[in-house]
Structures are given as structure tokens and as C-alpha cells.
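File shown: work-v1.cif (mmCIF, C-alpha atoms).
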```
data_structure
#
loop_
_atom_site.group_PDB
_atom_site.id
_atom_site.type_symbol
_atom_site.label_atom_id
_atom_site.label_comp_id
_atom_site.auth_asym_id
_atom_site.auth_seq_id
_atom_site.Cartn_x
_atom_site.Cartn_y
_atom_site.Cartn_z
ATOM 1 C CA MET A 151 0.000 0.000 0.000
ATOM 2 C CA THR A 152 1.554 3.191 -1.163
ATOM 3 C CA PRO A 153 1.238 6.243 1.011
ATOM 4 C CA ALA A 154 -1.077 8.945 -0.270
ATOM 5 C CA GLU A 155 0.581 11.802 -2.027
ATOM 6 C CA PRO A 156 0.613 14.975 0.034
ATOM 7 C CA HIS A 157 -1.917 17.553 -1.028
ATOM 8 C CA PRO A 158 -0.128 20.426 -2.683
ATOM 9 C CA VAL A 159 -0.216 23.592 -0.653
ATOM 10 C CA SER A 160 -1.486 26.555 -2.639
ATOM 11 C CA GLN A 161 1.136 29.225 -2.964
ATOM 12 C CA PRO A 162 0.136 32.870 -2.722
ATOM 13 C CA PHE A 163 0.289 34.793 -5.979
ATOM 14 C CA PHE A 164 2.713 37.706 -6.056
ATOM 15 C CA PRO A 165 2.633 39.868 -9.178
ATOM 16 C CA GLU A 166 5.883 40.646 -10.876
ATOM 17 C CA PRO A 167 7.466 43.932 -9.920
ATOM 18 C CA LEU A 168 6.860 46.906 -12.184
ATOM 19 C CA THR A 169 10.560 47.359 -12.739
ATOM 20 C CA HIS A 170 10.989 44.306 -14.917
ATOM 21 C CA SER A 171 12.741 44.815 -18.214
ATOM 22 C CA PRO A 172 10.461 44.885 -21.269
ATOM 23 C CA SER A 173 10.643 42.102 -23.761
ATOM 24 C CA PRO A 174 12.309 42.652 -27.128
ATOM 25 C CA ARG A 175 8.904 42.585 -28.778
ATOM 26 C CA THR A 176 7.707 45.441 -26.577
ATOM 27 C CA GLU A 177 10.789 47.498 -27.380
ATOM 28 C CA SER A 178 10.347 47.018 -31.090
ATOM 29 C CA THR A 179 6.669 47.944 -30.850
ATOM 30 C CA GLU A 180 7.399 51.133 -28.938
ATOM 31 C CA GLY A 181 10.133 52.083 -31.356
ATOM 32 C CA ALA A 182 7.826 51.533 -34.287
ATOM 33 C CA GLY A 183 5.141 53.653 -32.647
ATOM 34 C CA THR A 184 7.604 56.505 -32.120
ATOM 35 C CA GLU A 185 8.813 56.258 -35.666
ATOM 36 C CA LEU A 186 5.283 56.292 -37.052
ATOM 37 C CA GLY A 187 4.359 59.192 -34.818
ATOM 38 C CA MET A 188 7.021 61.266 -36.553
ATOM 39 C CA TRP A 189 4.878 61.230 -39.682
ATOM 40 C CA GLY A 190 1.498 61.743 -38.071
ATOM 41 C CA TYR A 191 -0.989 64.087 -39.651
ATOM 42 C CA LEU A 192 -0.167 66.854 -37.162
ATOM 43 C CA SER A 193 3.452 66.781 -38.313
ATOM 44 C CA LEU A 194 2.367 67.005 -41.941
ATOM 45 C CA LEU A 195 0.199 70.087 -41.376
ATOM 46 C CA PRO A 196 3.089 72.630 -41.151
ATOM 47 C CA VAL A 197 4.828 70.949 -44.095
ATOM 48 C CA PHE A 198 1.664 71.164 -46.185
ATOM 49 C CA LEU A 199 1.242 74.836 -45.238
ATOM 50 C CA ALA A 200 4.771 75.656 -46.400
ATOM 51 C CA PHE A 201 4.328 73.729 -49.651
ATOM 52 C CA TRP A 202 0.904 75.269 -50.278
ATOM 53 C CA ALA A 203 2.043 78.849 -49.687
ATOM 54 C CA VAL A 204 5.291 78.641 -51.649
ATOM 55 C CA SER A 205 3.732 76.956 -54.658
ATOM 56 C CA GLY A 206 0.700 79.263 -54.517
ATOM 57 C CA VAL A 207 2.508 82.607 -54.531
ATOM 58 C CA TRP A 208 4.925 81.527 -57.254
ATOM 59 C CA THR A 209 1.978 80.325 -59.341
ATOM 60 C CA VAL A 210 0.446 83.776 -58.961
ATOM 61 C CA PHE A 211 3.758 85.307 -60.031
ATOM 62 C CA ALA A 212 3.910 83.098 -63.125
ATOM 63 C CA LEU A 213 0.339 83.961 -64.109
ATOM 64 C CA ALA A 214 1.007 87.664 -63.635
ATOM 65 C CA VAL A 215 4.010 87.453 -65.950
ATOM 66 C CA VAL A 216 2.116 85.431 -68.570
ATOM 67 C CA ASN A 217 -0.890 87.788 -68.459
ATOM 68 C CA LYS A 218 1.483 90.768 -68.665
ATOM 69 C CA ALA A 219 0.042 92.197 -65.474
ATOM 70 C CA VAL A 220 3.657 92.872 -64.454
ATOM 71 C CA ASN A 221 6.584 93.750 -66.687
ATOM 72 C CA LEU A 222 9.881 92.242 -65.585
ATOM 73 C CA THR A 223 11.807 94.635 -67.812
ATOM 74 C CA GLU A 224 10.648 97.510 -65.607
ATOM 75 C CA GLY A 225 11.730 95.817 -62.393
ATOM 76 C CA PHE A 226 11.031 92.927 -60.085
ATOM 77 C CA PRO A 227 7.431 93.155 -58.774
ATOM 78 C CA TYR A 228 6.106 92.950 -55.241
ATOM 79 C CA ILE A 229 4.048 89.937 -54.241
ATOM 80 C CA SER A 230 0.982 92.113 -53.790
ATOM 81 C CA LEU A 231 1.381 93.656 -57.242
ATOM 82 C CA CYS A 232 1.297 90.194 -58.815
ATOM 83 C CA GLY A 233 -1.953 89.439 -57.010
ATOM 84 C CA SER A 234 -3.713 92.733 -57.737
ATOM 85 C CA TYR A 235 -5.175 91.923 -61.144
ATOM 86 C CA PRO A 236 -7.599 89.177 -62.216
ATOM 87 C CA PRO A 237 -7.575 86.271 -62.775
ATOM 88 C CA GLN A 238 -4.505 85.706 -60.561
ATOM 89 C CA SER A 239 -5.993 87.955 -57.859
ATOM 90 C CA CYS A 240 -8.695 85.332 -57.230
ATOM 91 C CA ILE A 241 -6.081 82.599 -56.885
ATOM 92 C CA PHE A 242 -4.002 84.878 -54.663
ATOM 93 C CA SER A 243 -6.935 85.424 -52.301
ATOM 94 C CA GLN A 244 -7.767 81.730 -52.113
ATOM 95 C CA VAL A 245 -4.151 80.715 -51.493
ATOM 96 C CA LEU A 246 -3.691 83.205 -48.664
ATOM 97 C CA ASN A 247 -7.089 82.469 -47.096
ATOM 98 C CA MET A 248 -6.396 78.739 -46.893
ATOM 99 C CA GLY A 249 -2.857 79.429 -45.719
ATOM 100 C CA ALA A 250 -4.148 81.750 -42.995
ATOM 101 C CA ALA A 251 -6.631 79.108 -41.808
ATOM 102 C CA MET A 252 -3.889 76.472 -41.578
ATOM 103 C CA ALA A 253 -1.540 78.918 -39.834
ATOM 104 C CA ALA A 254 -4.201 79.756 -37.234
ATOM 105 C CA TRP A 255 -4.837 76.065 -36.566
ATOM 106 C CA ILE A 256 -1.079 75.457 -36.191
ATOM 107 C CA CYS A 257 -0.809 78.339 -33.708
ATOM 108 C CA ILE A 258 -3.675 76.921 -31.638
ATOM 109 C CA LEU A 259 -2.077 73.467 -31.563
ATOM 110 C CA ARG A 260 1.257 74.992 -30.590
ATOM 111 C CA TYR A 261 -0.448 76.958 -27.800
ATOM 112 C CA HIS A 262 -1.872 73.801 -26.241
ATOM 113 C CA GLN A 263 1.439 72.000 -26.667
ATOM 114 C CA LEU A 264 3.376 74.764 -24.893
ATOM 115 C CA ARG A 265 0.742 74.864 -22.153
ATOM 116 C CA ASP A 266 1.232 71.156 -21.513
ATOM 117 C CA LEU A 267 4.994 71.711 -21.406
ATOM 118 C CA GLY A 268 4.587 74.217 -18.573
ATOM 119 C CA VAL A 269 5.041 77.535 -20.391
ATOM 120 C CA GLY A 270 3.643 80.505 -18.471
ATOM 121 C CA LYS A 271 0.117 81.599 -19.295
ATOM 122 C CA ARG A 272 0.997 85.196 -20.191
ATOM 123 C CA LEU A 273 3.866 84.307 -22.466
ATOM 124 C CA ASN A 274 1.910 81.519 -24.088
ATOM 125 C CA ARG A 275 -1.046 83.808 -24.747
ATOM 126 C CA LEU A 276 1.266 86.438 -26.198
ATOM 127 C CA ILE A 277 2.662 83.817 -28.575
ATOM 128 C CA LEU A 278 -0.841 82.717 -29.553
ATOM 129 C CA CYS A 279 -2.039 86.284 -30.160
ATOM 130 C CA SER A 280 0.957 87.105 -32.348
ATOM 131 C CA GLY A 281 0.406 83.953 -34.395
ATOM 132 C CA ILE A 282 -3.319 84.635 -34.835
ATOM 133 C CA LEU A 283 -2.578 88.239 -35.862
ATOM 134 C CA CYS A 284 -0.076 86.941 -38.414
ATOM 135 C CA ALA A 285 -2.715 84.623 -39.865
ATOM 136 C CA LEU A 286 -5.322 87.411 -39.864
ATOM 137 C CA GLY A 287 -2.931 89.799 -41.595
ATOM 138 C CA THR A 288 -2.227 87.191 -44.258
ATOM 139 C CA SER A 289 -5.938 86.875 -44.979
ATOM 140 C CA VAL A 290 -6.311 90.668 -45.126
ATOM 141 C CA VAL A 291 -3.450 90.904 -47.630
ATOM 142 C CA GLY A 292 -5.161 88.368 -49.867
ATOM 143 C CA ASN A 293 -8.634 89.936 -49.741
ATOM 144 C CA PHE A 294 -7.766 93.642 -49.817
ATOM 145 C CA GLN A 295 -5.570 94.112 -52.862
ATOM 146 C CA GLN A 296 -3.007 96.880 -52.948
ATOM 147 C CA LYS A 297 -4.664 98.415 -56.005
ATOM 148 C CA ASN A 298 -8.082 98.750 -54.310
ATOM 149 C CA GLN A 299 -7.474 99.189 -50.546
ATOM 150 C CA GLN A 300 -3.849 100.151 -49.994
ATOM 151 C CA PRO A 301 -4.092 101.292 -46.307
ATOM 152 C CA THR A 302 -5.909 98.108 -45.299
ATOM 153 C CA HIS A 303 -3.531 96.039 -47.398
ATOM 154 C CA LEU A 304 -0.462 97.587 -45.758
ATOM 155 C CA THR A 305 -1.935 97.005 -42.292
ATOM 156 C CA GLY A 306 -2.415 93.344 -43.108
ATOM 157 C CA ALA A 307 1.132 93.151 -44.490
ATOM 158 C CA PHE A 308 2.473 94.588 -41.220
ATOM 159 C CA PHE A 309 0.715 91.877 -39.213
ATOM 160 C CA ALA A 310 1.750 89.158 -41.646
ATOM 161 C CA PHE A 311 5.444 90.069 -41.823
ATOM 162 C CA PHE A 312 6.454 91.924 -38.669
ATOM 163 C CA VAL A 313 4.102 90.286 -36.167
ATOM 164 C CA GLY A 314 4.757 86.927 -37.839
ATOM 165 C CA SER A 315 8.469 87.424 -37.280
ATOM 166 C CA LEU A 316 7.752 88.275 -33.633
ATOM 167 C CA TYR A 317 5.863 84.980 -33.320
ATOM 168 C CA PHE A 318 8.949 82.969 -34.228
ATOM 169 C CA TRP A 319 11.257 85.065 -32.064
ATOM 170 C CA LEU A 320 8.976 84.228 -29.140
ATOM 171 C CA GLN A 321 9.169 80.561 -30.117
ATOM 172 C CA LEU A 322 12.953 80.826 -29.892
ATOM 173 C CA LEU A 323 12.653 82.434 -26.477
ATOM 174 C CA VAL A 324 10.534 79.524 -25.251
ATOM 175 C CA SER A 325 12.919 76.927 -26.680
ATOM 176 C CA TRP A 326 15.848 78.695 -24.991
ATOM 177 C CA ARG A 327 14.026 78.628 -21.640
ATOM 178 C CA MET A 328 13.352 74.914 -22.056
ATOM 179 C CA ARG A 329 16.871 74.101 -23.246
ATOM 180 C CA THR A 330 17.423 71.778 -20.277
ATOM 181 C CA LEU A 331 14.458 69.631 -21.299
ATOM 182 C CA PRO A 332 14.631 67.053 -24.102
ATOM 183 C CA GLN A 333 13.824 68.733 -27.402
ATOM 184 C CA PRO A 334 12.455 66.989 -30.507
ATOM 185 C CA GLY A 335 14.539 66.946 -33.631
ATOM 186 C CA ALA A 336 18.249 67.284 -34.301
ATOM 187 C CA PRO A 337 20.454 69.633 -32.231
ATOM 188 C CA TRP A 338 20.929 71.955 -35.209
ATOM 189 C CA ILE A 339 17.213 72.816 -35.434
ATOM 190 C CA ARG A 340 17.464 75.636 -32.885
ATOM 191 C CA PRO A 341 20.515 77.318 -34.515
ATOM 192 C CA LEU A 342 18.770 76.989 -37.881
ATOM 193 C CA ARG A 343 15.711 78.768 -36.547
ATOM 194 C CA LEU A 344 17.881 81.454 -35.014
ATOM 195 C CA GLY A 345 19.602 82.014 -38.349
ATOM 196 C CA LEU A 346 16.322 82.128 -40.272
ATOM 197 C CA CYS A 347 14.763 84.585 -37.801
ATOM 198 C CA SER A 348 17.840 86.807 -37.891
ATOM 199 C CA VAL A 349 17.990 86.905 -41.694
ATOM 200 C CA CYS A 350 14.235 87.488 -41.840
ATOM 201 C CA THR A 351 14.460 90.502 -39.506
ATOM 202 C CA ILE A 352 17.403 91.995 -41.397
ATOM 203 C CA LEU A 353 15.602 91.604 -44.721
ATOM 204 C CA MET A 354 12.454 93.248 -43.371
ATOM 205 C CA VAL A 355 14.433 96.295 -42.269
ATOM 206 C CA ALA A 356 16.195 96.365 -45.637
ATOM 207 C CA MET A 357 12.819 96.063 -47.405
ATOM 208 C CA VAL A 358 11.473 99.178 -45.686
ATOM 209 C CA VAL A 359 14.678 101.173 -46.214
ATOM 210 C CA LEU A 360 15.011 100.243 -49.873
ATOM 211 C CA HIS A 361 11.359 101.058 -50.519
ATOM 212 C CA SER A 362 11.811 104.554 -49.097
ATOM 213 C CA TRP A 363 14.894 105.422 -51.212
ATOM 214 C CA PRO A 364 13.283 104.210 -53.619
ATOM 215 C CA LEU A 365 14.873 101.008 -54.877
ATOM 216 C CA ARG A 366 11.658 99.138 -55.545
ATOM 217 C CA SER A 367 13.113 96.065 -57.272
ATOM 218 C CA ALA A 368 15.560 95.391 -54.435
ATOM 219 C CA SER A 369 12.805 95.996 -51.882
ATOM 220 C CA ALA A 370 10.518 93.569 -53.721
ATOM 221 C CA ALA A 371 13.261 90.922 -53.751
ATOM 222 C CA CYS A 372 13.614 91.333 -49.974
ATOM 223 C CA GLU A 373 9.843 90.933 -49.604
ATOM 224 C CA TRP A 374 9.855 87.658 -51.530
ATOM 225 C CA ALA A 375 12.784 86.400 -49.451
ATOM 226 C CA VAL A 376 11.031 87.294 -46.180
ATOM 227 C CA ALA A 377 7.883 85.466 -47.292
ATOM 228 C CA MET A 378 9.865 82.325 -48.150
ATOM 229 C CA LEU A 379 11.659 82.426 -44.795
ATOM 230 C CA LEU A 380 8.392 82.747 -42.869
ATOM 231 C CA PHE A 381 6.941 79.811 -44.792
ATOM 232 C CA ALA A 382 10.054 77.783 -43.963
ATOM 233 C CA LEU A 383 9.759 78.664 -40.268
ATOM 234 C CA PHE A 384 6.155 77.487 -40.249
ATOM 235 C CA GLY A 385 7.248 74.279 -41.949
ATOM 236 C CA LEU A 386 9.879 73.651 -39.263
ATOM 237 C CA LEU A 387 7.122 73.406 -36.664
ATOM 238 C CA ALA A 388 6.647 69.880 -37.976
ATOM 239 C CA VAL A 389 9.647 68.975 -35.821
ATOM 240 C CA ASP A 390 7.842 70.200 -32.700
ATOM 241 C CA PHE A 391 4.700 68.305 -33.682
ATOM 242 C CA SER A 392 6.626 65.073 -34.239
ATOM 243 C CA GLY A 393 5.875 63.889 -30.705
ATOM 244 C CA LEU A 394 2.122 64.393 -31.079
ATOM 245 C CA GLU A 395 -0.031 61.469 -32.137
ATOM 246 C CA GLY A 396 -3.254 63.454 -32.478
ATOM 247 C CA CYS A 397 -5.607 65.894 -30.836
ATOM 248 C CA THR A 398 -9.002 65.482 -29.212
ATOM 249 C CA LEU A 399 -11.821 68.005 -29.034
ATOM 250 C CA CYS A 400 -13.502 68.055 -25.608
ATOM 251 C CA LEU A 401 -16.800 69.846 -25.046
ATOM 252 C CA GLN A 402 -17.693 71.072 -21.565
ATOM 253 C CA PRO A 403 -21.425 71.508 -20.964
ATOM 254 C CA GLY A 404 -22.395 74.838 -19.505
ATOM 255 C CA PRO A 405 -24.933 75.495 -16.723
ATOM 256 C CA SER A 406 -28.455 74.714 -17.775
ATOM 257 C CA LEU A 407 -30.920 77.600 -17.624
ATOM 258 C CA SER A 408 -33.963 75.323 -17.269
ATOM 259 C CA PRO A 409 -34.448 72.252 -15.046
ATOM 260 C CA PRO A 410 -33.936 68.909 -16.767
ATOM 261 C CA PRO A 411 -37.057 67.090 -17.920
ATOM 262 C CA ALA A 412 -38.524 64.671 -15.408
ATOM 263 C CA SER A 413 -37.724 61.032 -15.971
ATOM 264 C CA PRO A 414 -40.619 58.476 -16.167
ATOM 265 C CA MET A 415 -39.713 57.074 -12.730
ATOM 266 C CA SER A 416 -39.766 60.473 -11.010
ATOM 267 C CA LEU A 417 -42.987 61.379 -12.810
ATOM 268 C CA GLN A 418 -44.608 58.155 -11.539
ATOM 269 C CA VAL A 419 -43.524 58.950 -7.983
ATOM 270 C CA GLN A 420 -44.978 62.439 -8.223
ATOM 271 C CA LEU A 421 -48.314 61.083 -9.485
ATOM 272 C CA SER A 422 -48.500 58.480 -6.686
ATOM 273 C CA GLN A 423 -47.848 61.139 -4.076
ATOM 274 C CA ALA A 424 -50.552 63.355 -5.555
ATOM 275 C CA LEU A 425 -53.093 60.507 -5.366
#
```
File written out as C-alpha cells:
Amino acid sequence: MTPAEPHPVSQPFFPEPLTHSPSPRTESTEGAGTELGMWGYLSLLPVFLAFWAVSGVWTVFALAVVNKAVNLTEGFPYISLCGSYPPQSCIFSQVLNMGAAMAAWICILRYHQLRDLGVGKRLNRLILCSGILCALGTSVVGNFQQKNQQPTHLTGAFFAFFVGSLYFWLQLLVSWRMRTLPQPGAPWIRPLRLGLCSVCTILMVAMVVLHSWPLRSASAACEWAVAMLLFALFGLLAVDFSGLEGCTLCLQPGPSLSPPPASPMSLQVQLSQAL
């Protein structure tokens, strides 16, 4: 007679510690997710804005030359002069309106991103306001042509160029304050932005001085260069958006002015109490 086998004693279950090393499969999955996040749709938005604006304004320039709205033998034209006459004026307005809408959306996304990174409320709001004014000025430039409404057009150009340049200088200020934190992109992104902002500011001053002398062709060349630099600076925001996978719209219900309708259960209770 064989002795009975001892009944196994149940061992208590202890979960594995949280500090265990991830498996190779987990590491590869996380790396793939980071790599795919680099090319998310939020990263493509600034790139599409830059491509849209650059191709749009040069298309307007080509149409103005073909339609003989501008004469290159008399000098290099301003951007606004190329977009002052139909049919390229219609294309000019549409290009700048869509570009202004995308720029405003980019500024709003950047505002929320900087808020989550701990940037102060006043500075962050100043950055947002300068970006929105830049987008608004761009739309004004496209809709109020220099030939028809020159004072309004020049006001919009001031917001688009000078306030737009201020927007990116403030972005540099924020990146310098957060220099101790990990930054997305290569280390040369910040010096590149500093160089582009510096050249953009110098060219804007030269544009105003040359226009007042007057050396209109040289001033117009500076204006085109400033516009291309601002488009490039907007496109570089794709680097900052590389760590974003998406955005979510959250609606917060406000206080109701009227009491909510009675549910069938509460209505039945009220009727029973009345009887």
C-alpha cells in the first residue's frame, strides 16, 4: 500500500514587480510607434502649409508674368502687385485664405502643446495672439488688394510680416528657456531657426529702407525672401509636432438655464404622491 501523495499547498500569488525589463517585442513595438508618430498628420500640417504657400505665390507670379500684369523689364514686382489683377488675384486670395486658416490652426495646436509643457500663461497667450494676428494679416493681404485698398492692405502686411516674425522670435525664447528639457529633432534645429529669424528681420528692415529710397526692385526681392523664410519657419514646426499622435476636441457643458425634464420614474412617484 503506497502512502497517499501529500496535497499540494497553494502558494500565494505575487505579481511581478513593475521594474521588470520589457521584452524585445515590446521594445520594437514602442520604437515603431515613435517612428510612425514622426509622420502623423499633425506633423504634416506645417509641411503642407509651407508647400501650399510657396507653390501658390509663385503660381500667382507666373500667371502675372504670362498675363502681362507685371513687366519684368521695368523691375522685379512685389508679391501684392502680382496678385492685384484678375484672374490671378482670385487665386491669390484663395491661397492666402487657406494658408491663414492652416496657420491659425497650427498656432492653436502649438499653444496647447506649450501649455502642456509648462510655459507661463501670459507668455503663451502672447505667442498665440501674435500667431493669430499673423494669420489674420495674411488673410487681409489676400482679400484687400493693394490696387483697391492700400491702407488696409499695408496694415495686413504689417501683421503678416512683422508680427509673424515676432511669433517665431517668441518661439525661440521659449525653446531657450526649455533648453534643459529634451527637445524633438536634431540639435541643429534651434541654430537653424535662429539664423532664419535673424535673416528674416534683417531683410524686413532692408525692405522698408530700400522702398523709401526708392529702390523698388531690391525691396521687392527682400519681400519675396522674407515670405519664403516665414513659410520655412512654419514648416519647421513639424519637428515640434513630431511627438504628437493626435488631438481630441472636448466639449464642456455649460450650466443649464432650465431644469432637466422629469424622468418616467420620477414622474410616476410624483403622481402616486398626488393621489
Original post:
So, counting only C-alpha atoms, which residue among A:Thr288, A:Val389, A:Val355, A:Phe311 is closest to Gln333 in chain A?
Top reply: A:Val389
Subject >> Å distance separating CA of Leu320 in chain A from CA of Leu394 in chain A, one decimal place >> reply: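 Separation of CA of Leu320 in chain A and CA of Leu394 in chain A: 21.1 Å.
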For the contact check between range 251-292 of chain A and range 202-223 of chain A, emit one row per residue of range 251-292 of chain A within 12 Å, containing the shortest atom pair and the distance in Å rounded to one decimal, counting all atoms listed in the file, chain then rising number order, as CSV.
```
residue,atom,partner,partner_atom,distance
A:Ala251,CA,A:Ala203,CA,11.7
A:Met252,CA,A:Trp202,CA,10.0
A:Ala253,CA,A:Ala203,CA,10.5
A:Thr288,CA,A:Ala203,CA,10.8
A:Gly292,CA,A:Val207,CA,10.7
```
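Nearest to Pro334 in chain A of all the residues A:Val245, A:Ala250, A:Ile277, A:Leu387 is A:Leu387, counting all atoms listed in the file.
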Subject >> Contact residues around Ile256 in chain A with all atoms listed in the file at 9 Å, ignoring same-chain residues under 2 positions, as a VMD selection string >> reply: chain A and resid 192 195 to 196 251 to 254 258 to 261 281 384 387
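For the pair CA of Arg275 in chain A and CA of Ser243 in chain A, the separation is 28.2 Å.
For the structure in this document, the set picked by the PyMOL selection byres ((chain A and resi 287) around 7) is Leu283, Cys284, Ala285, Leu286, Thr288, Ser289, Val290, Val291, Gly306, Ala307, Phe309 and Ala310 of chain A.
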